[in-house]
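Structure data (mmCIF, C-alpha atoms) from query.cif:
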data_start
#
loop_
_atom_site.group_PDB
_atom_site.id
_atom_site.type_symbol
_atom_site.label_atom_id
_atom_site.label_comp_id
_atom_site.auth_asym_id
_atom_site.auth_seq_id
_atom_site.Cartn_x
_atom_site.Cartn_y
_atom_site.Cartn_z
ATOM 1 C CA MET A 1 0.000 0.000 0.000
ATOM 2 C CA LEU A 2 1.144 3.524 -0.732
ATOM 3 C CA HIS A 3 1.667 6.278 1.819
ATOM 4 C CA LEU A 4 -1.618 7.811 2.946
ATOM 5 C CA GLU A 5 -0.654 11.146 1.347
ATOM 6 C CA ASP A 6 -0.486 9.366 -2.044
ATOM 7 C CA VAL A 7 -3.969 7.872 -1.546
ATOM 8 C CA THR A 8 -6.096 10.747 -0.205
ATOM 9 C CA GLY A 9 -6.248 14.493 -0.517
ATOM 10 C CA ALA A 10 -8.269 17.096 1.316
ATOM 11 C CA GLY A 11 -11.755 16.169 2.453
ATOM 12 C CA GLY A 12 -14.728 17.035 4.571
ATOM 13 C CA ALA A 13 -16.399 15.359 7.524
ATOM 14 C CA VAL A 14 -19.584 15.347 9.550
ATOM 15 C CA GLU A 15 -19.346 14.388 13.213
ATOM 16 C CA LEU A 16 -21.830 13.693 15.978
ATOM 17 C CA ALA A 17 -20.666 13.664 19.579
ATOM 18 C CA ALA A 18 -22.520 13.307 22.857
ATOM 19 C CA SER A 19 -21.169 13.600 26.365
ATOM 20 C CA TYR A 20 -22.208 13.343 30.001
ATOM 21 C CA ARG A 21 -20.872 15.806 32.542
ATOM 22 C CA ILE A 22 -19.496 14.035 35.581
ATOM 23 C CA ASN A 23 -19.175 17.419 37.281
ATOM 24 C CA PRO A 24 -19.158 20.990 35.906
ATOM 25 C CA THR A 25 -15.544 20.701 34.707
ATOM 26 C CA PHE A 26 -15.215 17.139 33.365
ATOM 27 C CA ALA A 27 -17.277 15.113 30.908
ATOM 28 C CA VAL A 28 -17.006 11.744 29.161
ATOM 29 C CA GLY A 29 -18.560 10.935 25.837
ATOM 30 C CA ALA A 30 -18.592 9.190 22.506
ATOM 31 C CA TYR A 31 -18.135 10.386 18.939
ATOM 32 C CA GLY A 32 -18.775 9.155 15.419
ATOM 33 C CA SER A 33 -17.862 10.692 12.081
ATOM 34 C CA LEU A 34 -18.295 10.136 8.352
ATOM 35 C CA SER A 35 -15.940 11.698 5.804
ATOM 36 C CA THR A 36 -15.126 11.861 2.123
ATOM 37 C CA TYR A 37 -11.784 12.723 0.532
ATOM 38 C CA ALA A 38 -10.318 13.851 -2.777
ATOM 39 C CA THR A 39 -8.129 11.273 -4.478
ATOM 40 C CA GLY A 40 -4.379 11.461 -4.046
ATOM 41 C CA ASP A 41 -1.735 11.546 -6.774
ATOM 42 C CA GLN A 42 -1.453 7.745 -7.059
ATOM 43 C CA ILE A 43 -5.203 6.919 -7.143
ATOM 44 C CA ASP A 44 -7.520 6.965 -10.168
ATOM 45 C CA GLY A 45 -9.825 10.006 -10.114
ATOM 46 C CA ASP A 46 -12.918 7.761 -10.480
ATOM 47 C CA THR A 47 -12.285 6.156 -7.081
ATOM 48 C CA ASP A 48 -14.530 7.126 -4.148
ATOM 49 C CA LEU A 49 -12.690 7.569 -0.850
ATOM 50 C CA LEU A 50 -14.886 7.291 2.243
ATOM 51 C CA GLY A 51 -13.915 7.301 5.890
ATOM 52 C CA ALA A 52 -15.533 6.747 9.258
ATOM 53 C CA SER A 53 -14.473 6.850 12.886
ATOM 54 C CA ALA A 54 -15.976 6.147 16.300
ATOM 55 C CA GLY A 55 -14.643 6.229 19.822
ATOM 56 C CA ILE A 56 -14.674 7.629 23.334
ATOM 57 C CA GLN A 57 -13.330 10.896 24.701
ATOM 58 C CA GLY A 58 -12.766 12.867 27.878
ATOM 59 C CA ILE A 59 -13.510 16.604 27.935
ATOM 60 C CA ALA A 60 -12.238 19.341 30.272
ATOM 61 C CA HIS A 61 -14.309 22.561 30.387
ATOM 62 C CA LEU A 62 -12.276 25.628 31.325
ATOM 63 C CA ARG A 63 -15.145 28.028 32.229
ATOM 64 C CA PRO A 64 -18.082 25.707 32.957
ATOM 65 C CA GLN A 65 -20.282 28.287 34.679
ATOM 66 C CA ARG A 66 -20.144 30.818 31.795
ATOM 67 C CA SER A 67 -22.241 31.091 28.634
ATOM 68 C CA VAL A 68 -18.982 31.013 26.629
ATOM 69 C CA ASP A 69 -17.065 27.918 27.756
ATOM 70 C CA PRO A 70 -13.763 26.901 26.095
ATOM 71 C CA TRP A 71 -12.868 23.217 26.337
ATOM 72 C CA VAL A 72 -10.300 20.607 25.273
ATOM 73 C CA SER A 73 -10.892 16.903 24.627
ATOM 74 C CA LEU A 74 -8.718 13.814 24.309
ATOM 75 C CA GLY A 75 -10.057 10.640 22.757
ATOM 76 C CA THR A 76 -9.257 7.292 21.191
ATOM 77 C CA GLY A 77 -11.128 4.891 18.967
ATOM 78 C CA TRP A 78 -11.506 3.099 15.636
ATOM 79 C CA ARG A 79 -10.946 4.470 12.115
ATOM 80 C CA GLY A 80 -11.812 3.040 8.703
ATOM 81 C CA LEU A 81 -11.039 4.105 5.123
ATOM 82 C CA TRP A 82 -12.598 2.604 1.982
ATOM 83 C CA LEU A 83 -11.253 3.044 -1.557
ATOM 84 C CA SER A 84 -14.024 2.143 -3.981
ATOM 85 C CA PRO A 85 -13.058 2.234 -7.672
ATOM 86 C CA ASP A 86 -15.656 2.277 -10.468
ATOM 87 C CA GLN A 87 -14.436 -1.179 -11.491
ATOM 88 C CA GLY A 88 -12.791 -3.771 -9.301
ATOM 89 C CA LYS A 89 -12.798 -4.626 -5.628
ATOM 90 C CA THR A 90 -13.087 -2.103 -2.813
ATOM 91 C CA THR A 91 -10.042 -1.795 -0.547
ATOM 92 C CA ALA A 92 -10.815 -1.416 3.163
ATOM 93 C CA LEU A 93 -8.322 -0.140 5.734
ATOM 94 C CA GLN A 94 -9.094 -0.526 9.440
ATOM 95 C CA GLY A 95 -7.140 1.088 12.240
ATOM 96 C CA LEU A 96 -6.995 3.095 15.417
ATOM 97 C CA ASP A 97 -7.239 6.723 16.405
ATOM 98 C CA LEU A 98 -4.338 6.521 18.850
ATOM 99 C CA ALA A 99 -4.791 10.092 20.097
ATOM 100 C CA ARG A 100 -7.510 12.502 19.039
ATOM 101 C CA VAL A 101 -7.358 16.082 20.351
ATOM 102 C CA GLN A 102 -9.976 18.794 19.850
ATOM 103 C CA VAL A 103 -10.445 22.308 21.192
ATOM 104 C CA GLY A 104 -13.674 24.243 21.015
ATOM 105 C CA VAL A 105 -15.832 26.898 22.593
ATOM 106 C CA ASP A 106 -19.346 26.067 23.790
ATOM 107 C CA TYR A 107 -21.943 28.764 23.235
ATOM 108 C CA ARG A 108 -24.748 28.005 25.647
ATOM 109 C CA ILE A 109 -28.211 28.093 23.988
ATOM 110 C CA THR A 110 -30.023 26.785 27.078
ATOM 111 C CA GLU A 111 -28.780 25.380 30.362
ATOM 112 C CA ASP A 112 -28.636 21.879 28.815
ATOM 113 C CA ILE A 113 -27.743 22.598 25.150
ATOM 114 C CA ALA A 114 -24.699 24.263 23.572
ATOM 115 C CA ILE A 115 -23.214 24.593 20.104
ATOM 116 C CA ALA A 116 -19.478 24.811 19.504
ATOM 117 C CA PRO A 117 -17.051 25.557 16.710
ATOM 118 C CA VAL A 118 -14.307 22.928 16.937
ATOM 119 C CA VAL A 119 -10.816 22.367 15.537
ATOM 120 C CA GLY A 120 -8.793 19.245 16.091
ATOM 121 C CA GLY A 121 -6.494 16.575 14.824
ATOM 122 C CA SER A 122 -5.697 12.948 15.348
ATOM 123 C CA LEU A 123 -2.800 10.543 15.219
ATOM 124 C CA GLY A 124 -3.929 7.305 13.646
ATOM 125 C CA MET A 125 -2.546 3.992 12.504
ATOM 126 C CA PHE A 126 -4.088 1.542 10.063
ATOM 127 C CA VAL A 127 -3.511 -2.033 11.190
ATOM 128 C CA SER A 128 -5.310 -4.109 8.561
ATOM 129 C CA GLN A 129 -6.035 -4.003 4.838
ATOM 130 C CA ASP A 130 -8.567 -6.021 2.854
ATOM 131 C CA SER A 131 -8.267 -5.606 -0.913
#
Just dump the structure as structure tokens.
Amino acid sequence: MLHLEDVTGAGGAVELAASYRINPTFAVGAYGSLSTYATGDQIDGDTDLLGASAGIQGIAHLRPQRSVDPWVSLGTGWRGLWLSPDQGKTTALQGLDLARVQVGVDYRITEDIAIAPVVGGSLGMFVSQDS
């Protein structure tokens, strides 16, 4: 298999995360995401590249009593990537999100609901390939 940079390019993702606050400062939760990517230099342009991830995370809120609440999260989980050409067999890569870090700012809509812009990154490793 090629380097990941040769396989995929830039992409976009949709993520859903839910958490439970243990106390005002700390929360635990789960996340799931779906993504699509542009093809890399070594992959045929007619190939669809789809990704998914799921896992658990811990979240630390820095100003939990305020309507604007910055936070940082650390998580780990599973990651998959599928290369699906127009003709031929789909290649599936399965692996781990070894460390997944995000920072965001909650904007409190109600006492129980907030929305947050988020930026983050992850360190992952694919451990199996089926092609």
Using all atoms listed in the file, pick whichever of A:Arg79, A:Lys89, A:Arg100, A:Arg108 has the shortest atom-to-atom distance to Gly51 in chain A. A:Arg79
Determine the axis-aligned bounding box of all atoms of range 63-77 of chain A present in the file, pad each side by 4 Å, and express its centre and edge lengths in Å to one decimal place as lines of an AutoDock Vina configuration file.
center_x = -15.5
center_y = 18.0
center_z = 26.8
size_x = 21.5
size_y = 34.2
size_z = 23.7
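Summary of the local environment: counting only C-alpha atoms, residues at most 6 Å from Leu74 in chain A, other than itself and those fewer than 6 positions away along its chain, are A:Gln57, A:Gly58, A:Arg100, A:Val101.
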Can you list, as an MDAnalysis selection string, every protein, DNA or RNA residue that comes within 9 Å of Gly80 in chain A when you count all atoms listed in the file, leaving out same-chain residues fewer than 5 positions away? chainID A and resid 50:53 92:96 126
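The list of residues within 8 Å of (-17.3, 7.4, -2.5), counted using only C-alpha atoms, is Thr36, Thr47, Asp48, Leu49, Leu50, Leu83 and Ser84 of chain A.
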Name the residues that the PyMOL selection byres ((chain A and resi 66) around 12) picks from the file above, as a PyMOL selection string, using the file's chain letters and numbers. chain A and resi 24-25+61-65+67-71+105-111+114
With C-alpha atoms kept, could you save the residues just selected as a short mmCIF file (atom, residue, chain, number, x, y, z; two decimals), in the coordinates of the input?
data_model
loop_
_atom_site.label_atom_id
_atom_site.label_comp_id
_atom_site.auth_asym_id
_atom_site.auth_seq_id
_atom_site.Cartn_x
_atom_site.Cartn_y
_atom_site.Cartn_z
CA PRO A 24 -19.16 20.99 35.91
CA THR A 25 -15.54 20.70 34.71
CA HIS A 61 -14.31 22.56 30.39
CA LEU A 62 -12.28 25.63 31.32
CA ARG A 63 -15.14 28.03 32.23
CA PRO A 64 -18.08 25.71 32.96
CA GLN A 65 -20.28 28.29 34.68
CA SER A 67 -22.24 31.09 28.63
CA VAL A 68 -18.98 31.01 26.63
CA ASP A 69 -17.07 27.92 27.76
CA PRO A 70 -13.76 26.90 26.10
CA TRP A 71 -12.87 23.22 26.34
CA VAL A 105 -15.83 26.90 22.59
CA ASP A 106 -19.35 26.07 23.79
CA TYR A 107 -21.94 28.76 23.24
CA ARG A 108 -24.75 28.00 25.65
CA ILE A 109 -28.21 28.09 23.99
CA THR A 110 -30.02 26.78 27.08
CA GLU A 111 -28.78 25.38 30.36
CA ALA A 114 -24.70 24.26 23.57
#
Just so the selection is clear, what residues does the PyMOL selection byres ((chain A and resi 30) around 12) cover here, as an mmCIF file with C-alpha atoms, in the coordinates of the input?
data_model
loop_
_atom_site.group_PDB
_atom_site.id
_atom_site.type_symbol
_atom_site.label_atom_id
_atom_site.label_comp_id
_atom_site.auth_asym_id
_atom_site.auth_seq_id
_atom_site.Cartn_x
_atom_site.Cartn_y
_atom_site.Cartn_z
ATOM 1 C CA GLU A 15 -19.346 14.388 13.213
ATOM 2 C CA LEU A 16 -21.830 13.693 15.978
ATOM 3 C CA ALA A 17 -20.666 13.664 19.579
ATOM 4 C CA ALA A 18 -22.520 13.307 22.857
ATOM 5 C CA SER A 19 -21.169 13.600 26.365
ATOM 6 C CA TYR A 20 -22.208 13.343 30.001
ATOM 7 C CA ALA A 27 -17.277 15.113 30.908
ATOM 8 C CA VAL A 28 -17.006 11.744 29.161
ATOM 9 C CA GLY A 29 -18.560 10.935 25.837
ATOM 10 C CA TYR A 31 -18.135 10.386 18.939
ATOM 11 C CA GLY A 32 -18.775 9.155 15.419
ATOM 12 C CA SER A 33 -17.862 10.692 12.081
ATOM 13 C CA SER A 53 -14.473 6.850 12.886
ATOM 14 C CA ALA A 54 -15.976 6.147 16.300
ATOM 15 C CA GLY A 55 -14.643 6.229 19.822
ATOM 16 C CA ILE A 56 -14.674 7.629 23.334
ATOM 17 C CA GLN A 57 -13.330 10.896 24.701
ATOM 18 C CA GLY A 58 -12.766 12.867 27.878
ATOM 19 C CA ILE A 59 -13.510 16.604 27.935
ATOM 20 C CA SER A 73 -10.892 16.903 24.627
ATOM 21 C CA LEU A 74 -8.718 13.814 24.309
ATOM 22 C CA GLY A 75 -10.057 10.640 22.757
ATOM 23 C CA THR A 76 -9.257 7.292 21.191
ATOM 24 C CA GLY A 77 -11.128 4.891 18.967
ATOM 25 C CA TRP A 78 -11.506 3.099 15.636
#
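Interatomic distance, CA of Asp86 in chain A against CA of Val127 in chain A: 25.2 Å.
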Distance CA of Ala99 in chain A-CA of Gly12 in chain A, one decimal place? 19.7 Å
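Considering the residues A:Ser128, A:Ser122, A:Asn23, A:Ser35 and counting only C-alpha atoms, Gly11 in chain A has its shortest atom-to-atom contact with A:Ser35.
The coordinates place CA of Asp97 in chain A at 15.9 Å from CA of Trp82 in chain A.
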Given the point (-8.1, -1.7, -7.8) in the file's coordinates, find the residues that have an atom at most 8 Å from it, counting only C-alpha atoms, and give them as a VMD selection string. chain A and resid 85 87 to 91 131
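Of the residues listed (A:Ile22, A:Ala38, A:Gly121, A:Asp130), A:Gly121 shows the shortest atom-to-atom separation from Val72 in chain A; distances use only C-alpha atoms.
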Provide chain A of the preceding structure as a file containing C-alpha atoms, as a PDB file, in the first residue's frame.
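Heads up, here's the output in selection.pdb:
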ATOM      1  CA  MET A   1       0.000   0.000   0.000  1.00  0.00           C
ATOM      2  CA  LEU A   2       1.144   3.524  -0.732  1.00  0.00           C
ATOM      3  CA  HIS A   3       1.667   6.278   1.819  1.00  0.00           C
ATOM      4  CA  LEU A   4      -1.618   7.811   2.946  1.00  0.00           C
ATOM      5  CA  GLU A   5      -0.654  11.146   1.347  1.00  0.00           C
ATOM      6  CA  ASP A   6      -0.486   9.366  -2.044  1.00  0.00           C
ATOM      7  CA  VAL A   7      -3.969   7.872  -1.546  1.00  0.00           C
ATOM      8  CA  THR A   8      -6.096  10.747  -0.205  1.00  0.00           C
ATOM      9  CA  GLY A   9      -6.248  14.493  -0.517  1.00  0.00           C
ATOM     10  CA  ALA A  10      -8.269  17.096   1.316  1.00  0.00           C
ATOM     11  CA  GLY A  11     -11.755  16.169   2.453  1.00  0.00           C
ATOM     12  CA  GLY A  12     -14.728  17.035   4.571  1.00  0.00           C
ATOM     13  CA  ALA A  13     -16.399  15.359   7.524  1.00  0.00           C
ATOM     14  CA  VAL A  14     -19.584  15.347   9.550  1.00  0.00           C
ATOM     15  CA  GLU A  15     -19.346  14.388  13.213  1.00  0.00           C
ATOM     16  CA  LEU A  16     -21.830  13.693  15.978  1.00  0.00           C
ATOM     17  CA  ALA A  17     -20.666  13.664  19.579  1.00  0.00           C
ATOM     18  CA  ALA A  18     -22.520  13.307  22.857  1.00  0.00           C
ATOM     19  CA  SER A  19     -21.169  13.600  26.365  1.00  0.00           C
ATOM     20  CA  TYR A  20     -22.208  13.343  30.001  1.00  0.00           C
ATOM     21  CA  ARG A  21     -20.872  15.806  32.542  1.00  0.00           C
ATOM     22  CA  ILE A  22     -19.496  14.035  35.581  1.00  0.00           C
ATOM     23  CA  ASN A  23     -19.175  17.419  37.281  1.00  0.00           C
ATOM     24  CA  PRO A  24     -19.158  20.990  35.906  1.00  0.00           C
ATOM     25  CA  THR A  25     -15.544  20.701  34.707  1.00  0.00           C
ATOM     26  CA  PHE A  26     -15.215  17.139  33.365  1.00  0.00           C
ATOM     27  CA  ALA A  27     -17.277  15.113  30.908  1.00  0.00           C
ATOM     28  CA  VAL A  28     -17.006  11.744  29.161  1.00  0.00           C
ATOM     29  CA  GLY A  29     -18.560  10.935  25.837  1.00  0.00           C
ATOM     30  CA  ALA A  30     -18.592   9.190  22.506  1.00  0.00           C
ATOM     31  CA  TYR A  31     -18.135  10.386  18.939  1.00  0.00           C
ATOM     32  CA  GLY A  32     -18.775   9.155  15.419  1.00  0.00           C
ATOM     33  CA  SER A  33     -17.862  10.692  12.081  1.00  0.00           C
ATOM     34  CA  LEU A  34     -18.295  10.136   8.352  1.00  0.00           C
ATOM     35  CA  SER A  35     -15.940  11.698   5.804  1.00  0.00           C
ATOM     36  CA  THR A  36     -15.126  11.861   2.123  1.00  0.00           C
ATOM     37  CA  TYR A  37     -11.784  12.723   0.532  1.00  0.00           C
ATOM     38  CA  ALA A  38     -10.318  13.851  -2.777  1.00  0.00           C
ATOM     39  CA  THR A  39      -8.129  11.273  -4.478  1.00  0.00           C
ATOM     40  CA  GLY A  40      -4.379  11.461  -4.046  1.00  0.00           C
ATOM     41  CA  ASP A  41      -1.735  11.546  -6.774  1.00  0.00           C
ATOM     42  CA  GLN A  42      -1.453   7.745  -7.059  1.00  0.00           C
ATOM     43  CA  ILE A  43      -5.203   6.919  -7.143  1.00  0.00           C
ATOM     44  CA  ASP A  44      -7.520   6.965 -10.168  1.00  0.00           C
ATOM     45  CA  GLY A  45      -9.825  10.006 -10.114  1.00  0.00           C
ATOM     46  CA  ASP A  46     -12.918   7.761 -10.480  1.00  0.00           C
ATOM     47  CA  THR A  47     -12.285   6.156  -7.081  1.00  0.00           C
ATOM     48  CA  ASP A  48     -14.530   7.126  -4.148  1.00  0.00           C
ATOM     49  CA  LEU A  49     -12.690   7.569  -0.850  1.00  0.00           C
ATOM     50  CA  LEU A  50     -14.886   7.291   2.243  1.00  0.00           C
ATOM     51  CA  GLY A  51     -13.915   7.301   5.890  1.00  0.00           C
ATOM     52  CA  ALA A  52     -15.533   6.747   9.258  1.00  0.00           C
ATOM     53  CA  SER A  53     -14.473   6.850  12.886  1.00  0.00           C
ATOM     54  CA  ALA A  54     -15.976   6.147  16.300  1.00  0.00           C
ATOM     55  CA  GLY A  55     -14.643   6.229  19.822  1.00  0.00           C
ATOM     56  CA  ILE A  56     -14.674   7.629  23.334  1.00  0.00           C
ATOM     57  CA  GLN A  57     -13.330  10.896  24.701  1.00  0.00           C
ATOM     58  CA  GLY A  58     -12.766  12.867  27.878  1.00  0.00           C
ATOM     59  CA  ILE A  59     -13.510  16.604  27.935  1.00  0.00           C
ATOM     60  CA  ALA A  60     -12.238  19.341  30.272  1.00  0.00           C
ATOM     61  CA  HIS A  61     -14.309  22.561  30.387  1.00  0.00           C
ATOM     62  CA  LEU A  62     -12.276  25.628  31.325  1.00  0.00           C
ATOM     63  CA  ARG A  63     -15.145  28.028  32.229  1.00  0.00           C
ATOM     64  CA  PRO A  64     -18.082  25.707  32.957  1.00  0.00           C
ATOM     65  CA  GLN A  65     -20.282  28.287  34.679  1.00  0.00           C
ATOM     66  CA  ARG A  66     -20.144  30.818  31.795  1.00  0.00           C
ATOM     67  CA  SER A  67     -22.241  31.091  28.634  1.00  0.00           C
ATOM     68  CA  VAL A  68     -18.982  31.013  26.629  1.00  0.00           C
ATOM     69  CA  ASP A  69     -17.065  27.918  27.756  1.00  0.00           C
ATOM     70  CA  PRO A  70     -13.763  26.901  26.095  1.00  0.00           C
ATOM     71  CA  TRP A  71     -12.868  23.217  26.337  1.00  0.00           C
ATOM     72  CA  VAL A  72     -10.300  20.607  25.273  1.00  0.00           C
ATOM     73  CA  SER A  73     -10.892  16.903  24.627  1.00  0.00           C
ATOM     74  CA  LEU A  74      -8.718  13.814  24.309  1.00  0.00           C
ATOM     75  CA  GLY A  75     -10.057  10.640  22.757  1.00  0.00           C
ATOM     76  CA  THR A  76      -9.257   7.292  21.191  1.00  0.00           C
ATOM     77  CA  GLY A  77     -11.128   4.891  18.967  1.00  0.00           C
ATOM     78  CA  TRP A  78     -11.506   3.099  15.636  1.00  0.00           C
ATOM     79  CA  ARG A  79     -10.946   4.470  12.115  1.00  0.00           C
ATOM     80  CA  GLY A  80     -11.812   3.040   8.703  1.00  0.00           C
ATOM     81  CA  LEU A  81     -11.039   4.105   5.123  1.00  0.00           C
ATOM     82  CA  TRP A  82     -12.598   2.604   1.982  1.00  0.00           C
ATOM     83  CA  LEU A  83     -11.253   3.044  -1.557  1.00  0.00           C
ATOM     84  CA  SER A  84     -14.024   2.143  -3.981  1.00  0.00           C
ATOM     85  CA  PRO A  85     -13.058   2.234  -7.672  1.00  0.00           C
ATOM     86  CA  ASP A  86     -15.656   2.277 -10.468  1.00  0.00           C
ATOM     87  CA  GLN A  87     -14.436  -1.179 -11.491  1.00  0.00           C
ATOM     88  CA  GLY A  88     -12.791  -3.771  -9.301  1.00  0.00           C
ATOM     89  CA  LYS A  89     -12.798  -4.626  -5.628  1.00  0.00           C
ATOM     90  CA  THR A  90     -13.087  -2.103  -2.813  1.00  0.00           C
ATOM     91  CA  THR A  91     -10.042  -1.795  -0.547  1.00  0.00           C
ATOM     92  CA  ALA A  92     -10.815  -1.416   3.163  1.00  0.00           C
ATOM     93  CA  LEU A  93      -8.322  -0.140   5.734  1.00  0.00           C
ATOM     94  CA  GLN A  94      -9.094  -0.526   9.440  1.00  0.00           C
ATOM     95  CA  GLY A  95      -7.140   1.088  12.240  1.00  0.00           C
ATOM     96  CA  LEU A  96      -6.995   3.095  15.417  1.00  0.00           C
ATOM     97  CA  ASP A  97      -7.239   6.723  16.405  1.00  0.00           C
ATOM     98  CA  LEU A  98      -4.338   6.521  18.850  1.00  0.00           C
ATOM     99  CA  ALA A  99      -4.791  10.092  20.097  1.00  0.00           C
ATOM    100  CA  ARG A 100      -7.510  12.502  19.039  1.00  0.00           C
ATOM    101  CA  VAL A 101      -7.358  16.082  20.351  1.00  0.00           C
ATOM    102  CA  GLN A 102      -9.976  18.794  19.850  1.00  0.00           C
ATOM    103  CA  VAL A 103     -10.445  22.308  21.192  1.00  0.00           C
ATOM    104  CA  GLY A 104     -13.674  24.243  21.015  1.00  0.00           C
ATOM    105  CA  VAL A 105     -15.832  26.898  22.593  1.00  0.00           C
ATOM    106  CA  ASP A 106     -19.346  26.067  23.790  1.00  0.00           C
ATOM    107  CA  TYR A 107     -21.943  28.764  23.235  1.00  0.00           C
ATOM    108  CA  ARG A 108     -24.748  28.005  25.647  1.00  0.00           C
ATOM    109  CA  ILE A 109     -28.211  28.093  23.988  1.00  0.00           C
ATOM    110  CA  THR A 110     -30.023  26.785  27.078  1.00  0.00           C
ATOM    111  CA  GLU A 111     -28.780  25.380  30.362  1.00  0.00           C
ATOM    112  CA  ASP A 112     -28.636  21.879  28.815  1.00  0.00           C
ATOM    113  CA  ILE A 113     -27.743  22.598  25.150  1.00  0.00           C
ATOM    114  CA  ALA A 114     -24.699  24.263  23.572  1.00  0.00           C
ATOM    115  CA  ILE A 115     -23.214  24.593  20.104  1.00  0.00           C
ATOM    116  CA  ALA A 116     -19.478  24.811  19.504  1.00  0.00           C
ATOM    117  CA  PRO A 117     -17.051  25.557  16.710  1.00  0.00           C
ATOM    118  CA  VAL A 118     -14.307  22.928  16.937  1.00  0.00           C
ATOM    119  CA  VAL A 119     -10.816  22.367  15.537  1.00  0.00           C
ATOM    120  CA  GLY A 120      -8.793  19.245  16.091  1.00  0.00           C
ATOM    121  CA  GLY A 121      -6.494  16.575  14.824  1.00  0.00           C
ATOM    122  CA  SER A 122      -5.697  12.948  15.348  1.00  0.00           C
ATOM    123  CA  LEU A 123      -2.800  10.543  15.219  1.00  0.00           C
ATOM    124  CA  GLY A 124      -3.929   7.305  13.646  1.00  0.00           C
ATOM    125  CA  MET A 125      -2.546   3.992  12.504  1.00  0.00           C
ATOM    126  CA  PHE A 126      -4.088   1.542  10.063  1.00  0.00           C
ATOM    127  CA  VAL A 127      -3.511  -2.033  11.190  1.00  0.00           C
ATOM    128  CA  SER A 128      -5.310  -4.109   8.561  1.00  0.00           C
ATOM    129  CA  GLN A 129      -6.035  -4.003   4.838  1.00  0.00           C
ATOM    130  CA  ASP A 130      -8.567  -6.021   2.854  1.00  0.00           C
ATOM    131  CA  SER A 131      -8.267  -5.606  -0.913  1.00  0.00           C
TER     132      SER A 131
END
